[in-house]
>>> print(open('query.cif').read())   # mmCIF, C-alpha atoms
data_upload
#
loop_
_atom_site.group_PDB
_atom_site.id
_atom_site.type_symbol
_atom_site.label_atom_id
_atom_site.label_comp_id
_atom_site.auth_asym_id
_atom_site.auth_seq_id
_atom_site.Cartn_x
_atom_site.Cartn_y
_atom_site.Cartn_z
ATOM 1 C CA MET A 1 92.925 129.301 104.015
ATOM 2 C CA SER A 2 89.189 128.718 103.812
ATOM 3 C CA GLY A 3 88.734 130.861 100.722
ATOM 4 C CA CYS A 4 87.210 133.562 102.945
ATOM 5 C CA ILE A 5 87.995 137.257 103.168
ATOM 6 C CA GLU A 6 89.156 137.538 106.755
ATOM 7 C CA GLY A 7 90.232 140.417 109.012
ATOM 8 C CA ASP A 8 93.491 141.232 107.251
ATOM 9 C CA GLY A 9 91.808 141.264 103.852
ATOM 10 C CA VAL A 10 89.016 143.536 105.036
ATOM 11 C CA GLU A 11 91.559 145.926 106.586
ATOM 12 C CA TYR A 12 93.730 145.948 103.459
ATOM 13 C CA TYR A 13 90.917 146.719 101.028
ATOM 14 C CA GLY A 14 89.326 149.081 103.527
ATOM 15 C CA GLU A 15 92.481 151.184 103.640
ATOM 16 C CA ARG A 16 92.629 151.263 99.850
ATOM 17 C CA ALA A 17 89.026 152.493 99.753
ATOM 18 C CA ARG A 18 89.704 155.124 102.443
ATOM 19 C CA GLY A 19 92.630 156.339 100.369
ATOM 20 C CA GLY A 20 90.335 157.238 97.483
ATOM 21 C CA THR A 21 90.173 154.095 95.328
ATOM 22 C CA GLY A 22 86.953 154.260 93.299
ATOM 23 C CA MET A 23 86.695 150.586 92.379
ATOM 24 C CA LEU A 24 88.329 147.501 93.861
ATOM 25 C CA ASN A 25 89.005 144.798 91.267
ATOM 26 C CA ILE A 26 89.760 141.722 93.368
ATOM 27 C CA GLY A 27 90.969 139.468 90.615
ATOM 28 C CA PHE A 28 90.132 135.838 89.970
ATOM 29 C CA GLN A 29 87.413 134.253 92.047
ATOM 30 C CA ILE A 30 86.009 130.739 92.276
ATOM 31 C CA VAL A 31 82.298 130.017 92.655
ATOM 32 C CA THR A 32 81.976 126.778 94.583
ATOM 33 C CA ASN A 33 80.412 125.066 97.567
ATOM 34 C CA LYS A 34 83.672 123.618 98.810
ATOM 35 C CA THR A 35 87.309 124.571 99.093
ATOM 36 C CA ASP A 36 89.785 122.970 96.696
ATOM 37 C CA PRO A 37 93.264 122.458 98.212
ATOM 38 C CA PHE A 38 94.853 123.401 94.914
ATOM 39 C CA THR A 39 93.202 126.849 94.868
ATOM 40 C CA ALA A 40 92.881 127.528 98.557
ATOM 41 C CA SER A 41 94.584 130.929 98.264
ATOM 42 C CA GLN A 42 91.765 132.272 96.096
ATOM 43 C CA TYR A 43 88.719 133.930 97.588
ATOM 44 C CA GLY A 44 85.541 131.947 97.027
ATOM 45 C CA VAL A 45 81.845 132.666 96.833
ATOM 46 C CA GLY A 46 79.342 130.062 97.904
ATOM 47 C CA THR A 47 79.712 129.033 101.536
ATOM 48 C CA PRO A 48 78.128 130.967 104.429
ATOM 49 C CA LEU A 49 81.552 131.931 105.807
ATOM 50 C CA GLN A 50 82.686 133.208 102.407
ATOM 51 C CA GLU A 51 79.496 135.222 102.001
ATOM 52 C CA MET A 52 79.964 136.741 105.458
ATOM 53 C CA GLY A 53 83.477 137.788 104.464
ATOM 54 C CA TRP A 54 82.220 139.538 101.349
ATOM 55 C CA ALA A 55 79.482 141.237 103.398
ATOM 56 C CA ARG A 56 82.044 142.606 105.870
ATOM 57 C CA LEU A 57 84.227 143.836 103.024
ATOM 58 C CA CYS A 58 81.343 145.580 101.236
ATOM 59 C CA ASP A 59 80.118 147.200 104.458
ATOM 60 C CA ARG A 60 83.593 148.567 105.017
ATOM 61 C CA VAL A 61 84.373 149.972 101.555
ATOM 62 C CA HIS A 62 80.892 151.192 100.603
ATOM 63 C CA GLY A 63 81.168 153.777 103.374
ATOM 64 C CA TYR A 64 83.926 155.427 101.376
ATOM 65 C CA GLY A 65 81.920 155.360 98.144
ATOM 66 C CA THR A 66 84.007 152.523 96.707
ATOM 67 C CA SER A 67 82.605 149.767 94.480
ATOM 68 C CA VAL A 68 83.764 146.148 94.467
ATOM 69 C CA MET A 69 84.084 144.202 91.220
ATOM 70 C CA VAL A 70 84.491 140.429 91.550
ATOM 71 C CA GLN A 71 85.915 138.780 88.439
ATOM 72 C CA LEU A 72 84.579 135.275 88.020
ATOM 73 C CA SER A 73 86.408 134.144 84.916
ATOM 74 C CA CYS A 74 89.206 134.672 82.372
ATOM 75 C CA GLY A 75 90.290 134.411 78.716
ATOM 76 C CA LEU A 76 87.136 135.544 76.966
ATOM 77 C CA GLU A 77 86.573 138.559 79.196
ATOM 78 C CA ALA A 78 87.397 141.126 76.531
ATOM 79 C CA ALA A 79 84.684 139.852 74.179
ATOM 80 C CA ARG A 80 82.101 139.676 76.955
ATOM 81 C CA VAL A 81 82.744 143.179 78.301
ATOM 82 C CA ALA A 82 82.952 144.825 74.875
ATOM 83 C CA ALA A 83 79.617 143.268 73.895
ATOM 84 C CA LEU A 84 78.003 144.358 77.154
ATOM 85 C CA LYS A 85 79.098 147.920 76.360
ATOM 86 C CA GLY A 86 77.084 147.737 73.152
ATOM 87 C CA HIS A 87 79.810 147.000 70.620
ATOM 88 C CA LYS A 88 79.358 144.440 67.845
ATOM 89 C CA VAL A 89 81.938 141.810 68.708
ATOM 90 C CA THR A 90 83.258 138.947 66.596
ATOM 91 C CA LEU A 91 85.513 136.412 68.298
ATOM 92 C CA TYR A 92 87.781 134.342 66.042
ATOM 93 C CA GLU A 93 89.295 131.117 67.362
ATOM 94 C CA LYS A 94 91.965 129.143 65.514
ATOM 95 C CA SER A 95 90.878 125.784 66.920
ATOM 96 C CA GLY A 96 87.479 124.160 67.083
ATOM 97 C CA MET A 97 86.919 124.913 70.764
ATOM 98 C CA LEU A 98 86.910 127.971 72.994
ATOM 99 C CA GLY A 99 89.172 127.979 76.026
ATOM 100 C CA GLY A 100 92.786 128.242 74.885
ATOM 101 C CA GLN A 101 95.238 127.256 77.614
ATOM 102 C CA LEU A 102 92.337 126.487 79.938
ATOM 103 C CA ILE A 103 91.610 123.338 77.934
ATOM 104 C CA PRO A 104 94.801 121.453 78.922
ATOM 105 C CA ALA A 105 94.925 123.197 82.306
ATOM 106 C CA SER A 106 91.495 121.804 83.203
ATOM 107 C CA ALA A 107 92.344 118.232 82.162
ATOM 108 C CA PRO A 108 93.460 116.989 85.619
ATOM 109 C CA SER A 109 90.490 115.964 87.743
ATOM 110 C CA PHE A 110 91.540 118.296 90.549
ATOM 111 C CA LYS A 111 91.309 121.230 88.114
ATOM 112 C CA SER A 112 87.704 120.519 87.140
ATOM 113 C CA ARG A 113 86.549 123.960 88.195
ATOM 114 C CA LEU A 114 88.460 125.401 85.255
ATOM 115 C CA SER A 115 86.067 123.405 83.076
ATOM 116 C CA MET A 116 83.221 125.168 84.871
ATOM 117 C CA LEU A 117 84.946 128.414 84.002
ATOM 118 C CA MET A 118 84.947 127.562 80.288
ATOM 119 C CA ASP A 119 81.279 126.560 80.455
ATOM 120 C CA TYR A 120 80.521 129.904 82.091
ATOM 121 C CA TYR A 121 82.164 131.810 79.260
ATOM 122 C CA LYS A 122 80.408 129.828 76.557
ATOM 123 C CA VAL A 123 77.129 130.997 78.067
ATOM 124 C CA GLN A 124 78.404 134.554 78.447
ATOM 125 C CA MET A 125 79.293 134.725 74.747
ATOM 126 C CA LYS A 126 75.662 134.006 73.865
ATOM 127 C CA LYS A 127 73.981 136.426 76.258
ATOM 128 C CA PRO A 128 75.232 139.723 74.747
ATOM 129 C CA GLY A 129 75.332 138.299 71.213
ATOM 130 C CA VAL A 130 79.059 137.776 70.602
ATOM 131 C CA GLU A 131 79.573 136.176 67.188
ATOM 132 C CA VAL A 132 81.946 133.243 67.648
ATOM 133 C CA VAL A 133 83.820 131.914 64.610
ATOM 134 C CA LEU A 134 85.710 128.667 65.260
ATOM 135 C CA ASN A 135 88.433 127.033 63.145
ATOM 136 C CA HIS A 136 89.414 130.427 61.770
ATOM 137 C CA GLU A 137 92.940 131.757 62.275
ATOM 138 C CA ILE A 138 93.489 135.507 62.100
ATOM 139 C CA THR A 139 96.804 136.912 60.866
ATOM 140 C CA ALA A 140 98.009 140.373 59.934
ATOM 141 C CA ASP A 141 96.837 139.725 56.370
ATOM 142 C CA SER A 142 93.300 138.659 57.289
ATOM 143 C CA PRO A 143 90.693 140.847 55.545
ATOM 144 C CA GLU A 144 88.444 140.696 58.634
ATOM 145 C CA LEU A 145 90.740 143.210 60.344
ATOM 146 C CA LYS A 146 90.460 145.994 57.785
ATOM 147 C CA ASP A 147 87.138 147.453 58.926
ATOM 148 C CA ALA A 148 87.507 146.735 62.660
ATOM 149 C CA TYR A 149 87.183 149.714 64.990
ATOM 150 C CA LYS A 150 89.232 147.949 67.678
ATOM 151 C CA ILE A 151 91.355 144.813 67.510
ATOM 152 C CA ILE A 152 92.176 142.863 70.676
ATOM 153 C CA VAL A 153 94.843 140.255 70.008
ATOM 154 C CA ALA A 154 94.725 137.371 72.494
ATOM 155 C CA ILE A 155 96.380 134.539 70.595
ATOM 156 C CA GLY A 156 98.057 132.992 73.605
ATOM 157 C CA ALA A 157 101.222 130.948 73.805
ATOM 158 C CA THR A 158 102.729 127.690 72.584
ATOM 159 C CA GLY A 159 104.314 124.919 74.599
ATOM 160 C CA PHE A 160 108.107 125.176 74.638
ATOM 161 C CA VAL A 161 110.135 122.218 73.402
ATOM 162 C CA PRO A 162 113.836 122.747 74.194
ATOM 163 C CA PRO A 163 116.611 122.017 71.675
ATOM 164 C CA ILE A 164 117.627 118.821 73.463
ATOM 165 C CA PRO A 165 118.543 115.748 71.380
ATOM 166 C CA GLY A 166 115.599 113.371 71.108
ATOM 167 C CA ALA A 167 112.994 115.964 72.133
ATOM 168 C CA HIS A 168 110.873 115.025 69.123
ATOM 169 C CA GLY A 169 111.225 111.272 69.597
ATOM 170 C CA PRO A 170 108.254 108.891 69.323
ATOM 171 C CA ASN A 171 108.054 108.374 73.095
ATOM 172 C CA VAL A 172 108.231 112.101 73.926
ATOM 173 C CA LEU A 173 105.169 114.345 74.359
ATOM 174 C CA GLU A 174 104.778 118.040 75.131
ATOM 175 C CA VAL A 175 102.638 118.550 78.250
ATOM 176 C CA ILE A 176 99.684 120.142 76.422
ATOM 177 C CA ASP A 177 99.571 117.207 74.022
ATOM 178 C CA ALA A 178 99.807 114.816 76.963
ATOM 179 C CA HIS A 179 96.761 116.444 78.570
ATOM 180 C CA THR A 180 94.599 116.618 75.464
ATOM 181 C CA GLY A 181 95.777 113.780 73.207
ATOM 182 C CA ASN A 182 95.095 110.056 73.172
ATOM 183 C CA PRO A 183 95.873 108.707 76.679
ATOM 184 C CA ASP A 184 96.715 105.302 75.235
ATOM 185 C CA ARG A 185 100.010 106.749 73.990
ATOM 186 C CA ILE A 186 101.250 107.166 77.572
ATOM 187 C CA GLY A 187 103.013 104.147 79.035
ATOM 188 C CA GLN A 188 103.117 102.896 82.604
ATOM 189 C CA ARG A 189 106.455 104.501 83.513
ATOM 190 C CA VAL A 190 106.287 108.266 83.014
ATOM 191 C CA LEU A 191 109.109 110.803 83.248
ATOM 192 C CA VAL A 192 108.022 114.444 83.543
ATOM 193 C CA ALA A 193 110.785 116.890 82.565
ATOM 194 C CA GLY A 194 110.117 120.211 84.279
ATOM 195 C CA GLY A 195 109.171 121.026 87.851
ATOM 196 C CA GLY A 196 107.071 124.145 87.358
ATOM 197 C CA PRO A 197 103.292 124.348 87.908
ATOM 198 C CA SER A 198 102.395 122.493 84.696
ATOM 199 C CA GLY A 199 104.956 119.762 85.340
ATOM 200 C CA CYS A 200 103.772 119.209 88.904
ATOM 201 C CA ASP A 201 100.116 119.147 87.856
ATOM 202 C CA CYS A 202 100.912 116.671 85.094
ATOM 203 C CA ALA A 203 102.915 114.435 87.430
ATOM 204 C CA ILE A 204 100.032 114.344 89.929
ATOM 205 C CA GLU A 205 97.520 113.623 87.174
ATOM 206 C CA MET A 206 99.596 110.708 85.844
ATOM 207 C CA ALA A 207 100.109 109.277 89.330
ATOM 208 C CA MET A 208 96.377 109.488 90.041
ATOM 209 C CA LYS A 209 95.865 107.359 86.933
ATOM 210 C CA GLY A 210 98.111 104.679 88.385
ATOM 211 C CA LYS A 211 101.314 105.523 86.525
ATOM 212 C CA GLU A 212 104.813 105.223 88.007
ATOM 213 C CA VAL A 213 105.975 108.821 87.842
ATOM 214 C CA THR A 214 109.375 110.481 88.109
ATOM 215 C CA LEU A 215 109.754 114.261 87.874
ATOM 216 C CA VAL A 216 113.119 115.798 86.998
ATOM 217 C CA GLU A 217 113.967 119.478 87.474
ATOM 218 C CA MET A 218 117.150 121.404 86.675
ATOM 219 C CA MET A 219 116.738 123.821 89.611
ATOM 220 C CA GLU A 220 117.224 122.850 93.246
ATOM 221 C CA GLU A 221 113.513 123.020 94.073
ATOM 222 C CA ILE A 222 110.233 122.418 92.286
ATOM 223 C CA TYR A 223 107.275 124.784 91.909
ATOM 224 C CA PRO A 224 109.357 127.781 93.074
ATOM 225 C CA THR A 225 106.889 130.394 91.789
ATOM 226 C CA GLY A 226 103.858 129.029 93.626
ATOM 227 C CA THR A 227 102.270 130.844 96.549
ATOM 228 C CA LEU A 228 103.122 129.350 99.937
ATOM 229 C CA ASP A 229 99.806 127.570 100.479
ATOM 230 C CA ASN A 230 99.436 126.361 96.877
ATOM 231 C CA ARG A 231 102.999 125.084 96.805
ATOM 232 C CA PHE A 232 102.499 123.288 100.113
ATOM 233 C CA SER A 233 99.347 121.591 98.812
ATOM 234 C CA VAL A 234 101.026 120.486 95.587
ATOM 235 C CA LEU A 235 104.141 119.132 97.328
ATOM 236 C CA ARG A 236 101.994 117.328 99.867
ATOM 237 C CA ARG A 237 99.932 115.702 97.121
ATOM 238 C CA MET A 238 103.048 114.680 95.222
ATOM 239 C CA GLY A 239 104.294 112.938 98.360
ATOM 240 C CA GLU A 240 100.963 111.195 98.849
ATOM 241 C CA GLU A 241 101.046 109.945 95.246
ATOM 242 C CA LYS A 242 104.611 108.646 95.793
ATOM 243 C CA ILE A 243 106.064 110.632 92.891
ATOM 244 C CA THR A 244 109.849 110.371 92.641
ATOM 245 C CA VAL A 245 111.398 113.853 92.425
ATOM 246 C CA LEU A 246 114.939 114.512 91.238
ATOM 247 C CA THR A 247 116.142 118.124 91.445
ATOM 248 C CA GLY A 248 119.438 119.654 90.361
ATOM 249 C CA ALA A 249 119.373 117.397 87.294
ATOM 250 C CA LYS A 250 119.813 118.700 83.749
ATOM 251 C CA VAL A 251 118.405 116.662 80.868
ATOM 252 C CA LYS A 252 121.111 116.026 78.280
ATOM 253 C CA GLU A 253 119.218 113.688 75.966
ATOM 254 C CA PHE A 254 115.840 112.026 75.474
ATOM 255 C CA ASN A 255 116.025 108.512 74.077
ATOM 256 C CA ALA A 256 114.113 105.245 73.743
ATOM 257 C CA ALA A 257 115.096 104.259 77.293
ATOM 258 C CA GLY A 258 113.846 107.534 78.810
ATOM 259 C CA ALA A 259 116.338 110.342 79.408
ATOM 260 C CA ARG A 260 120.001 110.878 80.181
ATOM 261 C CA VAL A 261 120.485 113.506 82.880
ATOM 262 C CA GLU A 262 123.457 115.217 84.454
ATOM 263 C CA THR A 263 123.601 115.648 88.237
ATOM 264 C CA ALA A 264 126.256 116.788 90.703
ATOM 265 C CA GLU A 265 127.212 113.114 91.108
ATOM 266 C CA GLY A 266 127.552 112.538 87.359
ATOM 267 C CA GLU A 267 125.355 111.293 84.532
ATOM 268 C CA ARG A 268 122.601 108.728 84.907
ATOM 269 C CA VAL A 269 119.733 107.313 82.868
ATOM 270 C CA LEU A 270 116.153 107.720 84.060
ATOM 271 C CA GLU A 271 114.136 104.906 82.524
ATOM 272 C CA ALA A 272 110.623 105.614 81.265
ATOM 273 C CA ASP A 273 108.153 104.387 78.679
ATOM 274 C CA THR A 274 106.945 107.936 78.031
ATOM 275 C CA VAL A 275 108.630 111.302 78.564
ATOM 276 C CA ILE A 276 106.478 114.426 79.012
ATOM 277 C CA ILE A 277 108.175 117.782 78.481
ATOM 278 C CA ALA A 278 106.734 120.463 80.765
ATOM 279 C CA MET A 279 109.137 123.363 80.366
ATOM 280 C CA GLY A 280 106.691 126.227 80.126
ATOM 281 C CA THR A 281 105.248 128.175 77.216
ATOM 282 C CA ARG A 282 106.417 130.960 74.941
ATOM 283 C CA PRO A 283 104.225 133.855 73.739
ATOM 284 C CA ASN A 284 102.973 133.785 70.157
ATOM 285 C CA GLY A 285 104.685 137.142 69.950
ATOM 286 C CA GLU A 286 105.695 137.281 66.297
ATOM 287 C CA SER A 287 102.158 136.823 65.008
ATOM 288 C CA ALA A 288 100.851 139.359 67.503
ATOM 289 C CA LYS A 289 103.553 141.879 66.612
ATOM 290 C CA ALA A 290 102.737 141.578 62.916
ATOM 291 C CA ILE A 291 99.150 142.658 63.641
ATOM 292 C CA LEU A 292 100.296 145.494 65.904
ATOM 293 C CA ASP A 293 102.715 146.761 63.268
ATOM 294 C CA LYS A 294 99.976 146.880 60.636
ATOM 295 C CA TYR A 295 97.064 148.245 62.685
ATOM 296 C CA VAL A 296 97.359 151.163 65.103
ATOM 297 C CA ASN A 297 94.002 150.258 66.651
ATOM 298 C CA ALA A 298 95.258 146.848 67.816
ATOM 299 C CA GLN A 299 96.498 145.826 71.245
ATOM 300 C CA THR A 300 97.694 142.576 72.781
ATOM 301 C CA VAL A 301 96.446 140.960 75.987
ATOM 302 C CA GLY A 302 97.185 137.743 77.821
ATOM 303 C CA ASP A 303 99.938 135.234 77.140
ATOM 304 C CA CYS A 304 100.803 136.512 73.659
ATOM 305 C CA LYS A 305 102.010 139.668 75.414
ATOM 306 C CA LYS A 306 103.385 138.185 78.622
ATOM 307 C CA ILE A 307 102.996 134.741 80.158
ATOM 308 C CA GLY A 308 100.850 135.047 83.269
ATOM 309 C CA GLN A 309 98.182 133.526 85.460
ATOM 310 C CA VAL A 310 94.472 133.154 84.736
ATOM 311 C CA GLY A 311 93.492 136.131 86.871
ATOM 312 C CA GLU A 312 95.988 138.376 85.101
ATOM 313 C CA ALA A 313 94.537 137.403 81.732
ATOM 314 C CA VAL A 314 91.022 138.188 82.937
ATOM 315 C CA GLN A 315 92.069 141.568 84.236
ATOM 316 C CA ALA A 316 93.870 142.471 81.010
ATOM 317 C CA GLY A 317 90.881 141.414 78.914
ATOM 318 C CA PHE A 318 88.458 143.362 81.084
ATOM 319 C CA PHE A 319 90.361 146.629 80.917
ATOM 320 C CA ALA A 320 91.140 146.283 77.204
ATOM 321 C CA ALA A 321 87.406 146.109 76.487
ATOM 322 C CA TRP A 322 86.312 148.568 79.161
ATOM 323 C CA THR A 323 88.481 151.345 77.687
ATOM 324 C CA ILE A 324 86.972 151.077 74.194
ATOM 325 C CA ASP A 325 85.102 154.302 73.480
#
>>> encode(input="query.cif", output="structure tokens")
Amino acid sequence: MSGCIEGDGVEYYGERARGGTGMLNIGFQIVTNKTDPFTASQYGVGTPLQEMGWARLCDRVHGYGTSVMVQLSCGLEAARVAALKGHKVTLYEKSGMLGGQLIPASAPSFKSRLSMLMDYYKVQMKKPGVEVVLNHEITADSPELKDAYKIIVAIGATGFVPPIPGAHGPNVLEVIDAHTGNPDRIGQRVLVAGGGPSGCDCAIEMAMKGKEVTLVEMMEEIYPTGTLDNRFSVLRRMGEEKITVLTGAKVKEFNAAGARVETAEGERVLEADTVIIAMGTRPNGESAKAILDKYVNAQTVGDCKKIGQVGEAVQAGFFAAWTID
């Protein structure tokens, strides 16, 4: 795809407008002057062809009295929208930096536009006067919640470390730590355990830095949840970077030599200087539930409710804030 809204897209949204839809929320968009192969399935704004596509779409749906809302960002959407509606908004962040999961996600060079996304939101927090408080964790017992009219809980998720022997060894890193920590800790031979989106991105990033990379996955294929074009781009890039991929292999143990895995042919040792665990995230559900149980005016959005994609988080944040009276 070129990132353009083409004939099928115009017809699809046109039919939704003709059917009585009052507003079309077309999810997560990228503002750019070029197409990134890793996000080629997302509609863009910036090239003449992309602008022509949006013009055709608007001409089609405006005739039915339908509006189009283009979401340009994620994560901090609830604070932005609530402030724009005139509410006094205070945003508390546990760490010293805004961005959440976007921080490690934007670490690979081919994900640099996610960094642009975070920069966008930092500006958007200032425009409507959102008060941002960093290095301040909010729990169910925090006094700041007592006088709040509305509480939006968006405390995200935590990287999952499986109960596999050696998972906390000195040569083992969780993928978020690998993205954001000291790169000098990562040796030349890298084993990535987990073939989902984060594992594949990490493997590509390490290979681009000149590392010898092996990726091991328990299932029979890697990146199974990716859209067809995104998955194709990722698999193609992994081949170009000469990443060794071993599927149908279950990790039995992490050790100083790397990892011991079990395959259909039997057990074998995959040697590595550094092992990176990329086995997904888990919602910070208990902390979120504690706030919900104590305050009836609280709601959860984003990964602390259900692990999802960036666009889904943006949409949830937008509607959570938009529905505040």
>>> resolve_selection(input="query.cif", expression="the PyMOL selection byres ((chain A and resi 248) around 9)", output="number ranges by chain")
A: 216-221, 246-247, 249-250, 262-264
>>> atom_distance(input="query.cif", atom1="atom CA of Val123 of chain A", atom2="atom CA of Gly156 of chain A")
21.5 Å
>>> atom_distance(input="query.cif", atom1="atom CA of Leu134 of chain A", atom2="atom CA of Tyr121 of chain A")
14.8 Å
>>> resolve_selection(input="query.cif", expression="the PyMOL selection byres ((chain A and resi 272-284) around 6)", output="MDAnalysis selection string")
chainID A and resid 157:160 171:175 186:187 189:194 199 258 271 285:286 303:304
>>> atom_distance(input="query.cif", atom1="atom CA of Met238 of chain A", atom2="atom CA of Ser112 of chain A")
18.3 Å
>>> resolve_selection(input="query.cif", expression="the PyMOL selection byres ((chain A and resi 201-209) around 8)", output="ChimeraX atom specification")
/A:108-109,175,179,190,192,197-200,210-215,234,237-238,241-243
>>> axis_aligned_box(input="query.cif", around="segment 213-227 of chain A", padding_each_side="5 Å", output="JSON")
{"center_x": 109.7, "center_y": 119.8, "center_z": 91.6, "size_x": 25.0, "size_y": 32.0, "size_z": 19.9}
>>> closest_residue(input="query.cif", among="A:Glu77, A:Glu131, A:Asp141, A:Asp147", to="Leu117 of chain A", atoms="all atoms listed in the file")
A:Glu77
>>> closest_residue(input="query.cif", among="A:Ala178, A:Val269, A:Leu91, A:Ile103", to="Ala148 of chain A", atoms="all atoms listed in the file")
A:Leu91
>>> residues_around(input="query.cif", residues="Leu114 of chain A", least_positions_apart="3", cutoff="10 Å", atoms="all atoms listed in the file", output="VMD selection string")
chain A and resid 30 73 to 74 99 102 to 111 117 to 120 310
>>> build_atoms(input="query.cif", residues="segment 299-310 of chain A", atoms="N, CA, C and O atoms", output="compact mmCIF listing (two decimals), keeping the file's coordinate frame")
# COMPACT_ATOMS: atom_id res chain seq x y z
N GLN A 299 95.72 145.99 70.03
CA GLN A 299 96.50 145.83 71.24
C GLN A 299 96.52 144.36 71.63
O GLN A 299 95.61 143.60 71.28
N THR A 300 97.56 143.96 72.35
CA THR A 300 97.69 142.58 72.78
C THR A 300 97.31 142.44 74.25
O THR A 300 97.50 143.35 75.05
N VAL A 301 96.75 141.29 74.60
CA VAL A 301 96.45 140.96 75.99
C VAL A 301 96.77 139.49 76.22
O VAL A 301 96.83 138.69 75.29
N GLY A 302 96.98 139.14 77.47
CA GLY A 302 97.18 137.74 77.82
C GLY A 302 98.57 137.22 77.49
O GLY A 302 99.55 137.96 77.41
N ASP A 303 98.65 135.91 77.29
CA ASP A 303 99.94 135.23 77.14
C ASP A 303 100.71 135.63 75.90
O ASP A 303 101.94 135.49 75.87
N CYS A 304 100.05 136.11 74.85
CA CYS A 304 100.80 136.51 73.66
C CYS A 304 101.60 137.79 73.92
O CYS A 304 102.51 138.13 73.16
N LYS A 305 101.26 138.48 75.00
CA LYS A 305 102.01 139.67 75.41
C LYS A 305 103.01 139.31 76.50
O LYS A 305 104.18 139.67 76.43
N LYS A 306 102.53 138.61 77.51
CA LYS A 306 103.38 138.18 78.62
C LYS A 306 102.74 136.98 79.30
O LYS A 306 101.56 137.02 79.62
N ILE A 307 103.52 135.94 79.51
CA ILE A 307 103.00 134.74 80.16
C ILE A 307 102.57 135.09 81.58
O ILE A 307 103.31 135.72 82.34
N GLY A 308 101.35 134.72 81.94
CA GLY A 308 100.85 135.05 83.27
C GLY A 308 99.84 134.03 83.75
O GLY A 308 99.65 132.97 83.17
N GLN A 309 99.18 134.38 84.85
CA GLN A 309 98.18 133.53 85.46
C GLN A 309 96.80 133.85 84.92
O GLN A 309 96.58 134.87 84.25
N VAL A 310 95.84 132.99 85.23
CA VAL A 310 94.47 133.15 84.74
C VAL A 310 93.90 134.51 85.13
O VAL A 310 93.33 135.24 84.32
